[in-house]
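One structure is given below, encoded as structure tokens.
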Amino acid sequence: MHFDQLGLNNDILNNIKHQGYEEATPVQEQAIPVALDKKDILASAQTGTGKTAAFVLPMLQRLMQDRKNEGTHLLRALILVPTRELAMQVGDSVEAYGQNLPFKSIKLYGGKKMSTEVSRLEKGMDIIVATPGRLFEHVQEGSVKLSDINYFVLDEADRMLDMGFINEIRVISEALVKGRQTMMFSATFNPKVVKLGKSLLRKPKIIEVARQNTTAETITQKVHFINTDQKLDLLSFMIGSQNMQQVIVFTRTKEGSNEIAAELTAAGLPATVIHGDITQAKRTKALAQFKEGKFRVLVATDVAGRGLDIPDMDYVVNYELPTVAEDYVHRIGRTGRAGKSGIAISLVSAMDVAYFLEIEKLINLKMEEIKTEGYTFDERIPDRGEQNNQRHRVKNAKIRKHTKDKPKKKSYASKQKAVKSTKRNRYA
């Protein structure tokens, strides 16, 4: 469906065309008319499917229709996001979609001086894009007043809850006017998101473009079982032998990110890093240089799992799997965006197997296994079908526990035999 069929006005349509967009994505097609109709929304869609435009475009049009802010800059719209990177990305989209419109916007996030933000806020703003923690600081200091906000958006709500921002979100939402329009967007649904939605939304329209916790069909997902001490050599070999030019490598720790980047650079594969100990200015510079091609590899912790939008990203490598299965969906969502194809490769050692099985269970997909000559996995490679059967056996055992026909107690010898068997097959 073309954007001009969604009820958007000519000013916004011109800005969309200037960005090179013609066809609306499924989430945009479903959400924009509902948002223009002033209804609350609870929406889920995969990363890279255009969620930002789905809430920014109707918000801009609603602001244009609202004569209260005519001739002045009155804070009317708030967009909450979980990370600095996502705040920058969404803020840039607000500016791009709002070109030549009479609105001013600001991005509020940690890592820069609050005094600079305060001086800009004092000049008047129509739209704020902020992380919860930073916005809460401004509210406490009195530099942001939320009483006139009519348009409230929570983007990546599940991630904000995972990061422990529930109290800030509730305090912020309680300070808003009661009749506001609220929209919650997320790449995944989970019970916590649904519970939060029930407390914040009024008779929302539920939009679920794809099945919960699925990954984009444009991404080919592969797994390589490998010994931990061979991971770094394998990573270097894969990037070099396959001539990968733009790769994001995810690790769990800041120290690991630094070490991997240094080793890759020493091997002739220029790499840079992004993690929480790096200042925002350096993170922004690193990302810009990576996009420009000065670095072939960007090594990052989950701080980059959401919010990075690099149009031609071909590869994502999970050097270590995330401890939270849902984060895998967001990591690999850095590739295969806007209909383009991408490849996600997970390097799974013995320490990663449990996380790997949970991820496959979550996404309901058996990844393609790949092997590289000279690189081995000394443990038993898990049989994913066998693992599913084991889960059913555990479930049935729990059911039997509560029935009258309880199984007879096992002897100490049989218990010890079972323990040894379990240890031998712990990756089965």
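Please note that chains go A, B, ... in the order of the structure tokens, that every chain numbers its residues from 1, and that ligands are numbered from 1 in the order shown.
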
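Running DSSP on the backbone and keeping only strand (DSSP E or B), the residues of segment 141-174 of chain A that qualify are Tyr151, Phe152, Val153, Leu154 and Asp155 of chain A.
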
Would you mind listing what lies within 10 Å of segment 11-23 of chain A as an MDAnalysis selection string, with only C-alpha atoms counted and same-chain residues fewer than 5 positions away left out?
-> chainID A and resid 1:5 28:29 53 57:58 60:61 93 96:101

Let me see the file: selected residues, C-alpha atoms, as a PDB file, in the first residue's frame.
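Full text of out_4.pdb as output:
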```
ATOM      1  CA  MET A   1       0.000   0.000   0.000  1.00  0.00           C
ATOM      2  CA  HIS A   2       1.269   3.491  -0.883  1.00  0.00           C
ATOM      3  CA  PHE A   3       1.658   6.079   1.891  1.00  0.00           C
ATOM      4  CA  ASP A   4      -0.799   8.404   0.129  1.00  0.00           C
ATOM      5  CA  GLN A   5      -3.556   5.853   0.860  1.00  0.00           C
ATOM      6  CA  GLN A  28       2.862   1.128   9.090  1.00  0.00           C
ATOM      7  CA  GLU A  29      -0.155   0.138   7.015  1.00  0.00           C
ATOM      8  CA  ALA A  53       7.588   5.729  11.039  1.00  0.00           C
ATOM      9  CA  LEU A  57       4.207  10.056  11.030  1.00  0.00           C
ATOM     10  CA  PRO A  58       0.704  10.081  12.593  1.00  0.00           C
ATOM     11  CA  LEU A  60       3.374  14.737  13.427  1.00  0.00           C
ATOM     12  CA  GLN A  61       0.050  14.992  11.631  1.00  0.00           C
ATOM     13  CA  SER A  93      13.754  10.121  12.160  1.00  0.00           C
ATOM     14  CA  ALA A  96      13.734  13.821   8.862  1.00  0.00           C
ATOM     15  CA  TYR A  97       9.977  13.187   8.743  1.00  0.00           C
ATOM     16  CA  GLY A  98       9.278  16.626  10.194  1.00  0.00           C
ATOM     17  CA  GLN A  99      11.352  18.707   7.779  1.00  0.00           C
ATOM     18  CA  ASN A 100       9.795  22.124   7.049  1.00  0.00           C
ATOM     19  CA  LEU A 101       7.131  21.505   9.687  1.00  0.00           C
TER      20      LEU A 101
END
```

Contacts of Thr251 of chain A at 7 Å or less, counting only C-alpha atoms, minus same-chain residues fewer than 4 places along, as an MDAnalysis selection string?
-> chainID A and resid 256:257 300:301 318:320

Quick one: everything within 7 Å of Val81 of chain A, counting only C-alpha atoms, minus sequence neighbours fewer than 3 positions away in the same chain. Send it as a CSV table (one decimal) with C-alpha atoms, in the first residue's frame.
```
chain,number,residue,atom,x,y,z
A,86,LEU,CA,17.8,4.2,19.8
A,87,ALA,CA,17.2,7.7,21.1
A,130,ALA,CA,14.3,10.4,25.7
A,131,THR,CA,15.6,7.5,27.7
A,154,LEU,CA,6.9,3.7,24.4
A,155,ASP,CA,9.2,2.1,21.9
A,156,GLU,CA,10.9,-1.2,22.7
```
